[in-house]
$ cat structure-v5.cif   # mmCIF, C-alpha atoms
data_upload
loop_
_atom_site.group_PDB
_atom_site.id
_atom_site.type_symbol
_atom_site.label_atom_id
_atom_site.label_comp_id
_atom_site.auth_asym_id
_atom_site.auth_seq_id
_atom_site.Cartn_x
_atom_site.Cartn_y
_atom_site.Cartn_z
ATOM 1 C CA MET A 30 128.078 92.543 102.709
ATOM 2 C CA SER A 31 128.713 88.902 101.849
ATOM 3 C CA LEU A 32 127.655 86.071 104.140
ATOM 4 C CA SER A 33 131.276 85.198 104.961
ATOM 5 C CA GLU A 34 132.046 88.813 105.861
ATOM 6 C CA PHE A 35 128.926 88.933 107.999
ATOM 7 C CA ARG A 36 129.940 85.821 109.909
ATOM 8 C CA SER A 37 133.512 86.994 110.422
ATOM 9 C CA ARG A 38 132.240 90.257 111.867
ATOM 10 C CA THR A 39 129.736 88.650 114.205
ATOM 11 C CA ASP A 40 131.558 85.509 115.346
ATOM 12 C CA GLY A 41 133.675 87.510 117.746
ATOM 13 C CA THR A 42 130.875 89.670 119.043
ATOM 14 C CA ALA A 43 131.094 90.065 122.799
ATOM 15 C CA VAL A 44 128.099 88.865 124.713
ATOM 16 C CA ARG A 45 126.930 91.161 127.427
ATOM 17 C CA GLY A 46 126.775 89.484 130.828
ATOM 18 C CA VAL A 47 123.377 88.764 132.279
ATOM 19 C CA GLN A 48 122.670 88.295 135.962
ATOM 20 C CA TRP A 49 119.607 86.117 136.426
ATOM 21 C CA ASN A 50 117.079 86.732 139.143
ATOM 22 C CA HIS A 51 116.638 83.343 140.814
ATOM 23 C CA SER A 52 113.971 84.248 143.302
ATOM 24 C CA GLY A 53 112.636 80.725 143.697
ATOM 25 C CA HIS A 54 109.073 82.059 144.254
ATOM 26 C CA TRP A 55 106.852 81.056 141.357
ATOM 27 C CA ASP A 56 103.639 82.662 142.516
ATOM 28 C CA SER A 57 100.833 83.955 140.312
ATOM 29 C CA HIS A 58 102.426 87.407 140.166
ATOM 30 C CA SER A 59 105.674 85.971 138.802
ATOM 31 C CA LEU A 60 103.877 84.005 136.108
ATOM 32 C CA MET A 61 101.753 87.035 135.191
ATOM 33 C CA PHE A 62 104.909 89.151 134.943
ATOM 34 C CA ALA A 63 106.532 86.522 132.755
ATOM 35 C CA SER A 64 103.466 86.459 130.547
ATOM 36 C CA CYS A 65 103.398 90.203 130.002
ATOM 37 C CA ARG A 66 107.122 90.697 129.515
ATOM 38 C CA THR A 67 108.110 87.694 127.390
ATOM 39 C CA SER A 68 105.034 87.461 125.174
ATOM 40 C CA GLY A 69 104.714 91.022 123.958
ATOM 41 C CA ILE A 70 102.324 91.979 121.156
ATOM 42 C CA PHE A 71 103.069 88.889 119.060
ATOM 43 C CA PRO A 72 100.263 86.694 120.498
ATOM 44 C CA ALA A 73 97.706 89.472 119.937
ATOM 45 C CA LEU A 74 98.651 89.653 116.266
ATOM 46 C CA VAL A 75 98.470 85.876 115.944
ATOM 47 C CA VAL A 76 95.047 85.708 117.592
ATOM 48 C CA SER A 77 93.711 88.521 115.385
ATOM 49 C CA THR A 78 94.725 86.785 112.153
ATOM 50 C CA THR A 79 93.377 83.469 113.476
ATOM 51 C CA SER A 80 90.090 85.211 114.228
ATOM 52 C CA ALA A 81 89.983 86.579 110.693
ATOM 53 C CA GLY A 82 90.446 83.080 109.282
ATOM 54 C CA PHE A 83 87.641 81.763 111.485
ATOM 55 C CA ALA A 84 85.276 84.587 110.530
ATOM 56 C CA LEU A 85 85.959 84.219 106.800
ATOM 57 C CA ALA A 86 85.367 80.460 106.777
ATOM 58 C CA PRO A 87 82.036 79.241 105.366
ATOM 59 C CA GLY A 88 79.277 78.035 107.630
ATOM 60 C CA PRO A 89 77.563 79.347 110.772
ATOM 61 C CA PHE A 90 79.583 81.182 113.380
ATOM 62 C CA ASP A 91 80.139 79.024 116.489
ATOM 63 C CA LEU A 92 80.990 81.337 119.381
ATOM 64 C CA SER A 93 82.229 78.634 121.762
ATOM 65 C CA CYS A 94 84.511 77.157 119.086
ATOM 66 C CA PHE A 95 85.760 80.647 118.254
ATOM 67 C CA LEU A 96 86.641 81.366 121.892
ATOM 68 C CA LEU A 97 88.416 78.028 122.314
ATOM 69 C CA THR A 98 90.368 78.657 119.109
ATOM 70 C CA SER A 99 91.385 82.153 120.219
ATOM 71 C CA VAL A 100 92.517 81.042 123.677
ATOM 72 C CA GLY A 101 94.342 77.972 122.367
ATOM 73 C CA THR A 102 96.111 79.913 119.630
ATOM 74 C CA GLY A 103 97.054 82.687 122.044
ATOM 75 C CA LEU A 104 98.575 80.209 124.493
ATOM 76 C CA ALA A 105 100.504 78.447 121.732
ATOM 77 C CA SER A 106 101.917 81.730 120.420
ATOM 78 C CA CYS A 107 102.915 82.813 123.955
ATOM 79 C CA ALA A 108 104.810 79.545 124.328
ATOM 80 C CA ALA A 109 106.606 79.897 120.998
ATOM 81 C CA ASN A 110 107.569 83.523 121.608
ATOM 82 C CA SER A 111 108.857 82.770 125.117
ATOM 83 C CA ILE A 112 111.052 79.911 123.893
ATOM 84 C CA ASN A 113 112.354 82.127 121.102
ATOM 85 C CA GLN A 114 113.420 84.799 123.591
ATOM 86 C CA PHE A 115 114.964 82.135 125.831
ATOM 87 C CA PHE A 116 117.256 80.948 123.022
ATOM 88 C CA GLU A 117 118.220 84.433 121.864
ATOM 89 C CA VAL A 118 119.295 86.074 125.131
ATOM 90 C CA PRO A 119 123.055 86.191 124.320
ATOM 91 C CA PHE A 120 122.394 87.816 120.939
ATOM 92 C CA ASP A 121 119.537 90.100 121.978
ATOM 93 C CA SER A 122 121.859 91.673 124.553
ATOM 94 C CA ASN A 123 123.895 93.173 121.694
ATOM 95 C CA MET A 124 120.953 94.829 119.956
ATOM 96 C CA ASN A 125 119.420 98.165 120.869
ATOM 97 C CA ARG A 126 116.027 96.866 119.787
ATOM 98 C CA THR A 127 116.033 93.904 122.180
ATOM 99 C CA LYS A 128 118.538 94.700 124.935
ATOM 100 C CA ASN A 129 115.762 95.716 127.344
ATOM 101 C CA ARG A 130 113.855 92.447 127.124
ATOM 102 C CA PRO A 131 113.247 91.006 130.623
ATOM 103 C CA LEU A 132 115.377 87.910 130.044
ATOM 104 C CA VAL A 133 118.277 90.014 128.796
ATOM 105 C CA ARG A 134 118.068 92.307 131.816
ATOM 106 C CA GLY A 135 117.760 89.363 134.188
ATOM 107 C CA GLN A 136 114.294 90.311 135.419
ATOM 108 C CA ILE A 137 113.060 86.788 134.650
ATOM 109 C CA SER A 138 115.076 83.611 135.044
ATOM 110 C CA PRO A 139 115.490 81.161 132.155
ATOM 111 C CA LEU A 140 113.856 78.414 134.231
ATOM 112 C CA LEU A 141 110.767 80.529 134.862
ATOM 113 C CA THR A 142 110.581 81.345 131.159
ATOM 114 C CA VAL A 143 110.711 77.691 130.118
ATOM 115 C CA THR A 144 108.162 76.808 132.810
ATOM 116 C CA PHE A 145 105.838 79.535 131.558
ATOM 117 C CA ALA A 146 106.266 78.335 127.971
ATOM 118 C CA ALA A 147 105.361 74.767 128.974
ATOM 119 C CA CYS A 148 102.353 76.012 130.956
ATOM 120 C CA CYS A 149 101.131 77.756 127.803
ATOM 121 C CA ALA A 150 102.031 75.135 125.190
ATOM 122 C CA VAL A 151 100.446 72.092 126.838
ATOM 123 C CA PRO A 152 96.974 73.532 127.552
ATOM 124 C CA GLY A 153 97.073 75.559 124.335
ATOM 125 C CA VAL A 154 97.620 72.545 122.090
ATOM 126 C CA ALA A 155 95.218 70.480 124.217
ATOM 127 C CA LEU A 156 92.458 73.068 123.790
ATOM 128 C CA LEU A 157 93.001 73.191 120.037
ATOM 129 C CA THR A 158 93.102 69.388 119.713
ATOM 130 C CA TRP A 159 90.233 68.287 121.950
ATOM 131 C CA GLY A 160 88.253 71.513 122.258
ATOM 132 C CA VAL A 161 88.336 72.417 118.559
ATOM 133 C CA ASN A 162 89.564 69.589 116.299
ATOM 134 C CA PRO A 163 92.738 67.485 115.872
ATOM 135 C CA LEU A 164 93.721 69.211 112.606
ATOM 136 C CA THR A 165 93.866 72.628 114.252
ATOM 137 C CA GLY A 166 95.755 71.182 117.214
ATOM 138 C CA ALA A 167 98.290 69.575 114.885
ATOM 139 C CA LEU A 168 98.796 72.885 113.069
ATOM 140 C CA GLY A 169 99.318 74.658 116.403
ATOM 141 C CA LEU A 170 101.892 72.116 117.543
ATOM 142 C CA PHE A 171 103.639 72.225 114.169
ATOM 143 C CA ASN A 172 103.831 76.019 114.297
ATOM 144 C CA ILE A 173 105.443 75.972 117.745
ATOM 145 C CA PHE A 174 108.030 73.533 116.408
ATOM 146 C CA LEU A 175 108.598 75.542 113.224
ATOM 147 C CA TYR A 176 109.050 78.798 115.130
ATOM 148 C CA THR A 177 111.324 77.533 117.895
ATOM 149 C CA CYS A 178 113.290 74.729 116.224
ATOM 150 C CA CYS A 179 113.589 76.010 112.644
ATOM 151 C CA TYR A 180 113.044 79.770 112.394
ATOM 152 C CA THR A 181 114.885 80.770 115.570
ATOM 153 C CA PRO A 182 118.180 78.906 114.878
ATOM 154 C CA LEU A 183 118.049 79.761 111.153
ATOM 155 C CA LYS A 184 118.232 83.472 111.948
ATOM 156 C CA ARG A 185 121.945 83.078 112.656
ATOM 157 C CA VAL A 186 122.660 80.731 109.747
ATOM 158 C CA SER A 187 120.817 81.678 106.575
ATOM 159 C CA ILE A 188 118.539 84.309 105.051
ATOM 160 C CA ALA A 189 116.123 81.418 104.471
ATOM 161 C CA ASN A 190 114.891 82.253 107.978
ATOM 162 C CA THR A 191 112.707 84.999 106.487
ATOM 163 C CA TRP A 192 110.815 82.548 104.295
ATOM 164 C CA VAL A 193 110.432 80.093 107.178
ATOM 165 C CA GLY A 194 109.222 82.912 109.415
ATOM 166 C CA ALA A 195 106.673 83.883 106.767
ATOM 167 C CA VAL A 196 105.273 80.333 106.875
ATOM 168 C CA VAL A 197 105.002 80.637 110.665
ATOM 169 C CA GLY A 198 102.999 83.840 110.254
ATOM 170 C CA ALA A 199 100.827 82.329 107.530
ATOM 171 C CA ILE A 200 99.618 79.357 109.586
ATOM 172 C CA PRO A 201 97.381 81.175 112.176
ATOM 173 C CA PRO A 202 94.659 82.243 109.684
ATOM 174 C CA VAL A 203 94.753 78.702 108.284
ATOM 175 C CA MET A 204 94.149 77.457 111.839
ATOM 176 C CA GLY A 205 91.175 79.781 112.130
ATOM 177 C CA TRP A 206 89.741 78.333 108.925
ATOM 178 C CA THR A 207 90.314 74.714 109.969
ATOM 179 C CA ALA A 208 88.803 75.435 113.387
ATOM 180 C CA ALA A 209 85.583 76.564 111.696
ATOM 181 C CA THR A 210 85.464 73.977 108.906
ATOM 182 C CA GLY A 211 87.540 71.039 110.102
ATOM 183 C CA SER A 212 89.300 70.851 106.736
ATOM 184 C CA LEU A 213 92.046 72.435 104.653
ATOM 185 C CA ASP A 214 90.210 74.037 101.737
ATOM 186 C CA ALA A 215 91.368 76.381 98.995
ATOM 187 C CA GLY A 216 90.175 79.327 101.090
ATOM 188 C CA ALA A 217 92.516 78.333 103.912
ATOM 189 C CA PHE A 218 95.501 78.339 101.573
ATOM 190 C CA LEU A 219 94.410 81.685 100.111
ATOM 191 C CA LEU A 220 94.367 83.315 103.558
ATOM 192 C CA GLY A 221 97.696 81.719 104.376
ATOM 193 C CA GLY A 222 99.074 83.033 101.085
ATOM 194 C CA ILE A 223 97.928 86.578 101.847
ATOM 195 C CA LEU A 224 99.608 86.515 105.272
ATOM 196 C CA TYR A 225 102.696 84.904 103.762
ATOM 197 C CA SER A 226 103.137 87.582 101.098
ATOM 198 C CA TRP A 227 102.245 90.487 103.392
ATOM 199 C CA GLN A 228 105.088 89.638 105.756
ATOM 200 C CA PHE A 229 107.821 90.315 103.197
ATOM 201 C CA PRO A 230 107.150 94.030 102.633
ATOM 202 C CA HIS A 231 106.382 94.339 106.337
ATOM 203 C CA PHE A 232 109.524 92.666 107.693
ATOM 204 C CA ASN A 233 111.956 93.580 104.902
ATOM 205 C CA ALA A 234 111.069 97.246 105.290
ATOM 206 C CA LEU A 235 111.426 96.986 109.073
ATOM 207 C CA SER A 236 114.759 95.169 108.902
ATOM 208 C CA TRP A 237 116.156 97.738 106.454
ATOM 209 C CA GLY A 238 116.238 100.363 109.181
ATOM 210 C CA LEU A 239 117.696 97.878 111.674
ATOM 211 C CA ARG A 240 120.597 96.566 109.590
ATOM 212 C CA GLU A 241 123.261 97.768 112.013
ATOM 213 C CA ASP A 242 121.356 96.278 114.942
ATOM 214 C CA TYR A 243 120.923 92.894 113.270
ATOM 215 C CA SER A 244 124.580 92.874 112.306
ATOM 216 C CA ARG A 245 125.625 93.514 115.918
ATOM 217 C CA GLY A 246 123.330 90.750 117.109
ATOM 218 C CA GLY A 247 124.759 88.305 114.582
ATOM 219 C CA TYR A 248 121.471 87.716 112.765
ATOM 220 C CA CYS A 249 121.627 86.731 109.110
ATOM 221 C CA MET A 250 119.024 88.958 107.475
ATOM 222 C CA MET A 251 118.498 89.804 103.817
ATOM 223 C CA SER A 252 118.795 93.511 104.571
ATOM 224 C CA VAL A 253 122.313 92.900 105.935
ATOM 225 C CA THR A 254 123.789 90.296 103.600
ATOM 226 C CA HIS A 255 121.655 90.648 100.437
ATOM 227 C CA PRO A 256 120.209 94.194 100.376
ATOM 228 C CA ALA A 257 119.213 94.123 96.683
ATOM 229 C CA LEU A 258 117.364 90.824 97.158
ATOM 230 C CA CYS A 259 115.664 92.262 100.228
ATOM 231 C CA ARG A 260 114.117 95.049 98.155
ATOM 232 C CA ARG A 261 113.222 92.792 95.205
ATOM 233 C CA VAL A 262 111.447 90.276 97.422
ATOM 234 C CA ALA A 263 109.470 93.036 99.160
ATOM 235 C CA LEU A 264 108.262 94.416 95.819
ATOM 236 C CA ARG A 265 107.507 90.949 94.450
ATOM 237 C CA HIS A 266 105.207 90.128 97.343
ATOM 238 C CA CYS A 267 103.500 93.520 97.228
ATOM 239 C CA LEU A 268 102.486 92.626 93.679
ATOM 240 C CA ALA A 269 101.514 89.130 94.811
ATOM 241 C CA LEU A 270 98.889 90.684 97.092
ATOM 242 C CA LEU A 271 97.143 92.005 93.958
ATOM 243 C CA ALA A 272 96.947 88.517 92.478
ATOM 244 C CA LEU A 273 95.872 86.886 95.741
ATOM 245 C CA SER A 274 93.078 89.436 96.202
ATOM 246 C CA ALA A 275 91.859 88.713 92.672
ATOM 247 C CA ALA A 276 91.853 84.977 93.479
ATOM 248 C CA ALA A 277 89.571 85.376 96.518
ATOM 249 C CA PRO A 278 86.265 85.511 94.579
ATOM 250 C CA ALA A 279 87.422 82.838 92.130
ATOM 251 C CA LEU A 280 87.894 80.491 95.101
ATOM 252 C CA GLY A 281 84.521 81.394 96.592
ATOM 253 C CA VAL A 282 85.876 83.197 99.648
ATOM 254 C CA THR A 283 84.567 86.676 98.755
ATOM 255 C CA THR A 284 82.360 88.321 96.180
ATOM 256 C CA TRP A 285 83.841 90.011 93.115
ATOM 257 C CA THR A 286 83.431 93.343 94.874
ATOM 258 C CA PHE A 287 86.427 92.598 97.084
ATOM 259 C CA PRO A 288 89.287 92.775 94.533
ATOM 260 C CA VAL A 289 87.766 96.002 93.184
ATOM 261 C CA ILE A 290 87.529 97.849 96.514
ATOM 262 C CA ALA A 291 90.872 96.400 97.678
ATOM 263 C CA LEU A 292 92.622 97.559 94.520
ATOM 264 C CA PRO A 293 93.501 101.087 95.804
ATOM 265 C CA ILE A 294 95.259 99.865 98.969
ATOM 266 C CA ASN A 295 96.987 97.038 97.094
ATOM 267 C CA LEU A 296 98.184 99.457 94.426
ATOM 268 C CA TYR A 297 99.390 101.860 97.099
ATOM 269 C CA ILE A 298 101.470 99.276 98.959
ATOM 270 C CA SER A 299 102.832 98.106 95.584
ATOM 271 C CA TYR A 300 103.794 101.686 94.769
ATOM 272 C CA LEU A 301 105.599 102.018 98.109
ATOM 273 C CA GLY A 302 107.252 98.651 97.469
ATOM 274 C CA PHE A 303 108.529 100.009 94.137
ATOM 275 C CA ARG A 304 109.802 103.188 95.826
ATOM 276 C CA PHE A 305 111.645 101.046 98.379
ATOM 277 C CA TYR A 306 113.111 98.913 95.586
ATOM 278 C CA ARG A 307 114.211 101.971 93.612
ATOM 279 C CA ASP A 308 115.374 104.360 96.341
ATOM 280 C CA ALA A 309 116.854 101.860 98.836
ATOM 281 C CA ASP A 310 116.800 104.330 101.716
ATOM 282 C CA ARG A 311 115.379 104.589 105.194
ATOM 283 C CA LYS A 312 112.650 107.014 104.171
ATOM 284 C CA SER A 313 111.119 104.651 101.624
ATOM 285 C CA SER A 314 111.481 101.659 103.948
ATOM 286 C CA ARG A 315 109.697 103.511 106.766
ATOM 287 C CA LYS A 316 106.814 104.444 104.485
ATOM 288 C CA LEU A 317 106.416 100.871 103.326
ATOM 289 C CA PHE A 318 106.603 99.532 106.888
ATOM 290 C CA PHE A 319 103.992 101.922 108.285
ATOM 291 C CA CYS A 320 101.730 101.255 105.316
ATOM 292 C CA SER A 321 101.924 97.513 106.040
ATOM 293 C CA LEU A 322 100.659 98.140 109.587
ATOM 294 C CA TRP A 323 97.279 99.392 108.389
ATOM 295 C CA HIS A 324 97.167 97.539 105.083
ATOM 296 C CA LEU A 325 96.668 94.032 106.529
ATOM 297 C CA PRO A 326 93.826 94.786 108.983
ATOM 298 C CA LEU A 327 92.058 96.878 106.350
ATOM 299 C CA LEU A 328 92.460 94.166 103.713
ATOM 300 C CA LEU A 329 91.062 91.504 106.074
ATOM 301 C CA LEU A 330 88.188 93.809 107.040
ATOM 302 C CA LEU A 331 87.342 94.338 103.370
ATOM 303 C CA MET A 332 87.424 90.570 102.853
ATOM 304 C CA LEU A 333 85.031 90.113 105.747
ATOM 305 C CA THR A 334 82.578 92.717 104.451
ATOM 306 C CA CYS A 335 82.645 91.036 101.030
ATOM 307 C CA LYS A 336 82.501 87.480 102.367
ATOM 308 C CA GLN A 337 80.819 85.073 99.968
ATOM 309 C CA ARG A 338 77.440 83.807 101.089
ATOM 310 C CA GLY A 339 78.252 80.321 102.375
ATOM 311 C CA VAL A 340 76.421 77.079 102.774
ATOM 312 C CA ASP A 341 75.429 75.390 106.010
ATOM 313 C CA ARG A 342 77.857 72.474 106.256
ATOM 314 C CA ASP A 343 75.353 70.270 108.043
ATOM 315 C CA SER A 344 72.237 70.794 105.951
ATOM 316 C CA GLY A 345 73.775 71.831 102.658
ATOM 317 C CA GLU A 346 71.269 74.694 102.493
ATOM 318 C CA PRO A 347 72.192 78.380 102.019
ATOM 319 C CA GLN A 348 72.567 80.279 105.245
ATOM 320 C CA SER A 349 69.771 82.617 106.148
#
$ encode --input "structure-v5.cif" --output "structure tokens"
Amino acid sequence: MSLSEFRSRTDGTAVRGVQWNHSGHWDSHSLMFASCRTSGIFPALVVSTTSAGFALAPGPFDLSCFLLTSVGTGLASCAANSINQFFEVPFDSNMNRTKNRPLVRGQISPLLTVTFAACCAVPGVALLTWGVNPLTGALGLFNIFLYTCCYTPLKRVSIANTWVGAVVGAIPPVMGWTAATGSLDAGAFLLGGILYSWQFPHFNALSWGLREDYSRGGYCMMSVTHPALCRRVALRHCLALLALSAAAPALGVTTWTFPVIALPINLYISYLGFRFYRDADRKSSRKLFFCSLWHLPLLLLLMLTCKQRGVDRDSGEPQS
């Protein structure tokens, strides 16, 4: 389907009516409900990759800094995800995948959602800036902006949204690294690169089985408008994971054992990426998607077990 055909089919899409629940009572139960229903699993994934970046950074492990980083990042991701859902209510109502979200069903009012987002964003960025360091706080604020003001509106305009979204997903492990080191080193960019590349087989495989849903919602996804490119990009970034894993010891992040023991899982996801590219069907896309779910945590765990012996940043001596 061409982009013009896609737009002509979705411009006239009827928007399902939504009746908002304006209760006027913003007690702790309402805010807790908003937190659980609008945030979803997204913040947990963000915090886990941030934690991996923190743990893989050189230097001694600072528990208090780690906790502040985790809480601040979690709050920032809750804010970004809530604002995203706030903007997408009219379009989510047309998709089977998202039609039961609380905002779409009117279980939470838009005003409560925005209030909750602000209550997460302000303390989240403040914790990262003054509790951790200004660089990490700036990255957190930038990621909220990138997610809500660039990625979210781009989803209805251009397939470039996938690349922007991949940058959004790549920043949390970089924040974990900067929280531990206070600087943007080669290791930070390596971790960001791994998360960036991993998202393409993960999301492109997922979106392949949701093409009809995305089309109804009016979202401009590669799987809908450029299906061949969707498969090529997924395969390309599966192969990129091989190169990025090989770069980890060269950059001093892991030992040379890591690319060797990670080779089987990287080859396997690359094989599934090739099958998806060749077969272009739901079966191959499902296999690639489910593989991506265990591939990333296992890859990060292998990196952690093979972490390069670092140096104490204060004394310059090897860690004991």
$ resolve_selection --input "structure-v5.cif" --expression "the PyMOL selection byres ((chain A and resi 293) around 12)" --output "ChimeraX atom specification"
/A:270-271,274,287-292,294-300,324,327-328,331
$ axis_aligned_box --input "structure-v5.cif" --around "stretch 297-302 of chain A" --padding-each-side "3 Å" --output "JSON"
{"center_x": 103.3, "center_y": 100.1, "center_z": 96.9, "size_x": 13.9, "size_y": 9.9, "size_z": 10.2}
$ residues_around --input "structure-v5.cif" --residues "stretch 210-224 of chain A" --least-positions-apart "3" --cutoff "8 Å" --atoms "only C-alpha atoms" --output "PyMOL selection string"
chain A and resi 82+86-88+162+164-165+195+198-203+206-207+227-228+270+273-274+276-277+280-282
$ atom_distance --input "structure-v5.cif" --atom1 "atom CA of A:Ala309" --atom2 "atom CA of A:Glu117"
28.9 Å
$ resolve_selection --input "structure-v5.cif" --expression "the PyMOL selection byres ((chain A and resi 171-177) around 7)" --output "list in words"
Ala105, Ala109, Ile112, Asn113, Ala167, Leu168, Gly169, Leu170, Cys178, Cys179, Tyr180, Thr181 and Val197 of chain A
$ closest_residue --input "structure-v5.cif" --among "A:Thr283, A:Thr158, A:Ser321, A:Ser236" --to "A:Ala208" --atoms "all atoms listed in the file"
A:Thr158
$ resolve_selection --input "structure-v5.cif" --expression "the PyMOL selection byres ((chain A and resi 316) around 12)" --output "MDAnalysis selection string"
chainID A and resid 230:231 234:235 237:238 297:305 308:315 317:324
$ closest_residue --input "structure-v5.cif" --among "A:Pro326, A:Pro72, A:Pro182, A:Gly160" --to "A:Tyr248" --atoms "all atoms listed in the file"
A:Pro182
$ atom_distance --input "structure-v5.cif" --atom1 "atom CA of A:Lys336" --atom2 "atom CA of A:His266"
23.4 Å
$ closest_residue --input "structure-v5.cif" --among "A:Gly246, A:Leu104, A:Leu140, A:Phe115" --to "A:Lys128" --atoms "all atoms listed in the file"
A:Gly246
$ atom_distance --input "structure-v5.cif" --atom1 "atom CA of A:Ser138" --atom2 "atom CA of A:Ser187"
29.1 Å
$ closest_residue --input "structure-v5.cif" --among "A:Trp159, A:Phe90, A:Phe71, A:Phe95" --to "A:Met204" --atoms "all atoms listed in the file"
A:Phe95
$ closest_residue --input "structure-v5.cif" --among "A:Thr144, A:Thr78, A:Ser244, A:Asn129" --to "A:Thr98" --atoms "only C-alpha atoms"
A:Thr78
$ closest_residue --input "structure-v5.cif" --among "A:Val76, A:Val196, A:Leu132, A:Leu85" --to "A:Ser111" --atoms "all atoms listed in the file"
A:Leu132
